[in-house]
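Here's the structure, in structure tokens; my notes come after.
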Amino acid sequence: MSEHPFDLVTEADLRRRQSAKWRVYPSDVLPAWVAEMDYPIAGPIQRALGEALANDDAGYADPRGLGDSFAPWARSTWGWDVAPGDVRVAPDVVTAMAEILGVATRPGDGVVVDPPVYAPFAETIRRLHRRVIETPLARVEGGYRLDLDAIEHAYADGARAHLLCSPHNPVGLVHERETLAAVAELAARHGVLVVSDEIHAPMTYGPARHIPFPSISEDAARTSVVLSSASKTWNIAGLKSSVMVACHDDTRRLLAKLPAELAYHAGHLGVLGARAAFEDGADWLAETMRILDRNRRLVADLLRAHLPRARYVEPQAGYLAWIDCTGLGLGPDPAKVFLERGRVALSSGLSFGAGGEGFVRVNFATTRTLLEEAIRRMAVALA
């Protein structure tokens, strides 16, 4: 496997950062937990932010214009025709999700999630006093899939919304068109709103292909809202900017109920950074996907060499490795053992809900050296 220019980033460079990834744990702990990359920020984004600061331009965000950047990008990336006016701005995906559930559901309503899944889904539902309805992913040879029978049962039993993770975090599953079409048909039949979190979609590896949910069918457009952001793909989560996309009059009317001030809670620099990413970030993303593709394969090689009893399926999207440690004898929360004995911080599988027991999530968006060190430390914990 060839080296990559981003491999030149050193741990000393990263230790100078003040983001949560590098500040939450003591300095003897190697962090590989939160979804934050260790790579340099794309030049076009650096220039856009630098120009704003040079002009003392750090006021409130003007959300106009982000749709003009996102729409042509979505068309060129996925062939998804989005009207710029259908793109609304929010601070981040989780905030957008909460605000949408607030206007689309009532306290006590059931909301579907597909665990193991991104922990803030269930946390947000409970905080809003809605009911979490779990339809766990089905284990299949070579990975996972949505359990359509369980979803149909949940919808028929009165669920009002479904928080869909597409691609799925933490397992890296890219849902197939036929699966999404089946979900859309069920949602239309039972009157369920699908809130599709597609934040990891730009980082899909071939031959898998991400399909934006509303583009599947008329049913899909009528029953869904897409949430996305440049934050994960271009590593600018701290700048606070995301998009909500509704492609049908029914969902446009729903988003029109959101507080008018929501867009102004987004970061001005976040909006400027996202526009630069969508307009001029393609070359950086191509380079980043090259190292991520290498690293997802490198994880497999390193596990075979150092933790052969661990099980891992290469993700189809994103930079998160979902590793089955049930064969290592470390109990339901191996992340705790790896931290205490190996001084490497991973995300605990338990936080992702049903099916997370005995698993860890490893962020591999780092250099070859640090990825090798992370897996080595995991192996040390077994010694």
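Identifiers in the structure tokens: chain A, B, ... in order shown; residue index from 1 per chain; ligand index from 1 in order shown.
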
Can you list, as an MDAnalysis selection string, every protein, DNA or RNA residue that comes within 9 Å of segment 163-167 of chain A when you count only C-alpha atoms, leaving out same-chain residues fewer than 6 positions away?
chainID A and resid 97 111:114 117:118 121 173:175 193:201 204 210:213 316:318

Can you tell me, as JSON, numbers by chain, which residues in segment 142-326 of chain A count as strand (DSSP E or B) by DSSP?
{"A": [143, 144, 145, 161, 162, 163, 164, 165, 168, 173, 193, 194, 195, 196, 197, 204, 224, 225, 226, 227, 228, 242, 243, 244, 245, 311, 312, 317, 320, 321, 322, 323, 324]}

Selection above as a file: C-alpha atoms, as a short mmCIF file (atom, residue, chain, number, x, y, z; two decimals), in the first residue's frame:
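result_12.cif, freshly written:
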```cif
data_model
loop_
_atom_site.label_atom_id
_atom_site.label_comp_id
_atom_site.auth_asym_id
_atom_site.auth_seq_id
_atom_site.Cartn_x
_atom_site.Cartn_y
_atom_site.Cartn_z
CA GLY A 143 -22.47 -7.31 6.94
CA TYR A 144 -25.89 -5.86 7.67
CA ARG A 145 -29.12 -4.73 6.01
CA ALA A 161 -41.26 9.12 12.03
CA HIS A 162 -38.14 7.17 11.14
CA LEU A 163 -34.61 8.48 11.67
CA LEU A 164 -32.76 6.73 8.85
CA CYS A 165 -28.97 6.74 8.76
CA HIS A 168 -25.35 3.92 8.17
CA LEU A 173 -23.71 0.28 5.13
CA LEU A 193 -41.96 10.82 7.90
CA VAL A 194 -38.46 9.56 6.99
CA VAL A 195 -35.73 11.90 8.21
CA SER A 196 -32.72 10.68 6.26
CA ASP A 197 -29.33 11.59 7.75
CA THR A 204 -19.00 6.40 -0.48
CA SER A 224 -38.85 12.44 3.47
CA VAL A 225 -36.49 15.21 4.44
CA VAL A 226 -32.75 14.84 3.85
CA LEU A 227 -30.21 16.16 6.34
CA SER A 228 -26.62 16.66 5.23
CA SER A 242 -25.90 21.85 7.78
CA VAL A 243 -28.68 21.60 5.22
CA MET A 244 -32.25 20.32 5.26
CA VAL A 245 -33.68 19.37 1.88
CA ARG A 311 -14.13 -9.50 13.07
CA TYR A 312 -14.46 -6.55 10.71
CA ALA A 317 -18.85 4.63 3.16
CA LEU A 320 -15.40 4.44 10.81
CA ALA A 321 -14.48 0.80 11.40
CA TRP A 322 -17.10 -1.25 13.27
CA ILE A 323 -15.13 -4.05 14.90
CA ASP A 324 -16.64 -7.15 16.50
#
```

For segment 350-359 of chain A, please output as number ranges by chain all residues within 9 Å (counting only C-alpha atoms; exclusion window: fewer than 5 positions along the same chain).
A: 114-120, 122, 134, 136-137, 170, 322-335

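Of note, atom CA of Arg376 of chain A and atom CA of Lys336 of chain A are spaced 16.0 Å apart.
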
What are the closest atom pairs, with distances in Å to one decimal, for all residues of segment 85-140 of chain A lying within 8 Å of segment 251-260 of chain A? Consider only C-alpha atoms, order rows by chain and residue number, and present the result as CSV.
```
residue,atom,partner,partner_atom,distance
A:Asp86,CA,A:Arg252,CA,7.4
A:Glu99,CA,A:Leu258,CA,6.8
A:Ile100,CA,A:Leu258,CA,7.1
A:Val103,CA,A:Lys257,CA,6.7
A:Ala104,CA,A:Leu254,CA,7.1
```

Can you tell me, as a ChimeraX atom specification, what residues are no more than 10 Å from Gly85 of chain A when counting only C-alpha atoms, ignoring any on the same chain fewer than 5 positions away?
/A:64-68,71,245-247

If you run DSSP on the backbone here, which positions in segment 209-286 of chain A get helix (DSSP H, G or I)? Please write them as a ChimeraX atom specification.
/A:213-215,218-222,237-239,249-255,260-265,268-280,282-286

Would you export the selected residues with N, CA and C atoms as a CSV table (one decimal), in the first residue's frame, please?
```csv
chain,number,residue,atom,x,y,z
A,213,PHE,N,-32.4,9.8,-0.7
A,213,PHE,CA,-33.7,9.1,-0.4
A,213,PHE,C,-34.8,9.8,-1.3
A,214,PRO,N,-35.0,11.1,-1.4
A,214,PRO,CA,-36.1,11.6,-2.1
A,214,PRO,C,-36.1,11.3,-3.6
A,215,SER,N,-34.9,11.0,-4.1
A,215,SER,CA,-34.8,10.7,-5.6
A,215,SER,C,-35.2,9.3,-6.0
A,218,GLU,N,-41.7,9.1,-6.2
A,218,GLU,CA,-42.6,10.1,-5.7
A,218,GLU,C,-43.0,9.9,-4.3
A,219,ASP,N,-43.2,8.6,-3.9
A,219,ASP,CA,-43.5,8.3,-2.5
A,219,ASP,C,-42.3,8.8,-1.6
A,220,ALA,N,-41.1,8.5,-2.0
A,220,ALA,CA,-39.9,8.9,-1.2
A,220,ALA,C,-39.8,10.4,-1.1
A,221,ALA,N,-40.1,11.1,-2.2
A,221,ALA,CA,-40.0,12.6,-2.1
A,221,ALA,C,-41.1,13.2,-1.2
A,222,ARG,N,-42.3,12.5,-1.2
A,222,ARG,CA,-43.4,13.0,-0.4
A,222,ARG,C,-43.2,12.8,1.1
A,237,ALA,N,-16.6,20.3,11.2
A,237,ALA,CA,-17.8,20.1,12.1
A,237,ALA,C,-17.9,21.3,13.1
A,238,GLY,N,-16.8,21.8,13.5
A,238,GLY,CA,-16.8,22.9,14.5
A,238,GLY,C,-17.3,24.2,14.0
A,239,LEU,N,-17.5,24.3,12.7
A,239,LEU,CA,-17.9,25.6,12.1
A,239,LEU,C,-19.5,25.7,12.1
A,249,ASP,N,-44.1,19.3,-1.9
A,249,ASP,CA,-44.9,20.3,-1.2
A,249,ASP,C,-45.3,19.9,0.2
A,250,ASP,N,-45.5,18.6,0.4
A,250,ASP,CA,-45.9,18.2,1.8
A,250,ASP,C,-44.7,18.5,2.8
A,251,THR,N,-43.5,18.1,2.4
A,251,THR,CA,-42.4,18.3,3.3
A,251,THR,C,-41.9,19.8,3.3
A,252,ARG,N,-42.1,20.5,2.2
A,252,ARG,CA,-41.8,21.9,2.2
A,252,ARG,C,-42.7,22.6,3.2
A,253,ARG,N,-44.0,22.2,3.2
A,253,ARG,CA,-44.9,22.9,4.2
A,253,ARG,C,-44.4,22.5,5.6
A,254,LEU,N,-43.9,21.3,5.8
A,254,LEU,CA,-43.4,20.9,7.2
A,254,LEU,C,-42.2,21.8,7.6
A,255,LEU,N,-41.3,21.9,6.7
A,255,LEU,CA,-40.1,22.7,7.0
A,255,LEU,C,-40.4,24.2,7.2
A,260,ALA,N,-38.1,30.5,12.3
A,260,ALA,CA,-37.4,31.3,11.3
A,260,ALA,C,-36.0,31.6,11.7
A,261,GLU,N,-35.7,31.7,13.0
A,261,GLU,CA,-34.3,32.0,13.4
A,261,GLU,C,-33.4,30.8,13.4
A,262,LEU,N,-33.9,29.6,13.0
A,262,LEU,CA,-33.0,28.4,13.0
A,262,LEU,C,-31.8,28.6,12.1
A,263,ALA,N,-32.0,29.1,10.9
A,263,ALA,CA,-30.9,29.3,10.0
A,263,ALA,C,-29.8,30.2,10.6
A,264,TYR,N,-30.2,31.2,11.4
A,264,TYR,CA,-29.3,32.2,11.9
A,264,TYR,C,-28.5,31.6,13.1
A,265,HIS,N,-28.8,30.4,13.5
A,265,HIS,CA,-28.1,29.8,14.6
A,265,HIS,C,-26.9,29.0,14.0
A,268,HIS,N,-21.6,31.6,10.7
A,268,HIS,CA,-21.3,32.3,9.4
A,268,HIS,C,-20.1,31.6,8.7
A,269,LEU,N,-19.1,31.3,9.5
A,269,LEU,CA,-17.9,30.7,8.9
A,269,LEU,C,-18.3,29.3,8.4
A,270,GLY,N,-19.2,28.6,9.1
A,270,GLY,CA,-19.7,27.3,8.6
A,270,GLY,C,-20.3,27.4,7.3
A,271,VAL,N,-21.2,28.4,7.1
A,271,VAL,CA,-21.8,28.5,5.8
A,271,VAL,C,-20.8,28.9,4.7
A,272,LEU,N,-19.8,29.8,5.0
A,272,LEU,CA,-18.8,30.1,4.0
A,272,LEU,C,-17.9,28.9,3.7
A,273,GLY,N,-17.6,28.1,4.7
A,273,GLY,CA,-16.8,26.9,4.5
A,273,GLY,C,-17.5,25.9,3.7
A,274,ALA,N,-18.8,25.7,4.0
A,274,ALA,CA,-19.6,24.7,3.2
A,274,ALA,C,-19.7,25.1,1.8
A,275,ARG,N,-19.9,26.4,1.5
A,275,ARG,CA,-20.0,26.8,0.1
A,275,ARG,C,-18.7,26.6,-0.6
A,276,ALA,N,-17.6,26.8,0.0
A,276,ALA,CA,-16.3,26.6,-0.6
A,276,ALA,C,-16.1,25.1,-0.8
A,277,ALA,N,-16.5,24.3,0.1
A,277,ALA,CA,-16.4,22.8,0.0
A,277,ALA,C,-17.2,22.3,-1.2
A,278,PHE,N,-18.5,22.7,-1.3
A,278,PHE,CA,-19.3,22.2,-2.4
A,278,PHE,C,-18.9,22.8,-3.8
A,279,GLU,N,-18.3,24.0,-3.8
A,279,GLU,CA,-18.0,24.6,-5.1
A,279,GLU,C,-16.6,24.2,-5.5
A,280,ASP,N,-15.6,24.1,-4.6
A,280,ASP,CA,-14.2,23.9,-5.0
A,280,ASP,C,-13.5,22.8,-4.2
A,282,ALA,N,-13.7,19.5,-4.6
A,282,ALA,CA,-13.6,18.1,-5.2
A,282,ALA,C,-12.3,17.5,-5.2
A,283,ASP,N,-11.2,18.3,-5.5
A,283,ASP,CA,-9.9,17.7,-5.6
A,283,ASP,C,-9.4,17.2,-4.3
A,284,TRP,N,-9.7,18.0,-3.2
A,284,TRP,CA,-9.3,17.6,-1.9
A,284,TRP,C,-10.0,16.3,-1.5
A,285,LEU,N,-11.3,16.3,-1.8
A,285,LEU,CA,-12.1,15.1,-1.4
A,285,LEU,C,-11.6,13.8,-2.2
A,286,ALA,N,-11.2,14.0,-3.4
A,286,ALA,CA,-10.6,12.8,-4.1
A,286,ALA,C,-9.4,12.3,-3.5
```

Find the residues around Ser347 of chain A up to 8 Å (only C-alpha atoms counted), leave out those fewer than 2 positions away in its own chain, and share them as number ranges by chain.
A: 32-34, 335, 345, 349, 351, 360-362

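By chain and then residue number, the residues within 7 Å of Leu30 of chain A are Arg343, Val344, Ala345 and Ala374 of chain A, counting only C-alpha atoms and disregarding those fewer than 5 positions away in sequence.
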
Go ahead and save the residues from that selection, with C-alpha atoms, as a PDB file, in the first residue's frame.
```pdb
ATOM      1  CA  ARG A 343      -4.367   3.756  26.315  1.00  0.00           C
ATOM      2  CA  VAL A 344      -6.316   4.044  23.068  1.00  0.00           C
ATOM      3  CA  ALA A 345      -9.714   5.770  23.051  1.00  0.00           C
ATOM      4  CA  ALA A 374      -3.985   2.409  17.478  1.00  0.00           C
TER       5      ALA A 374
END
```
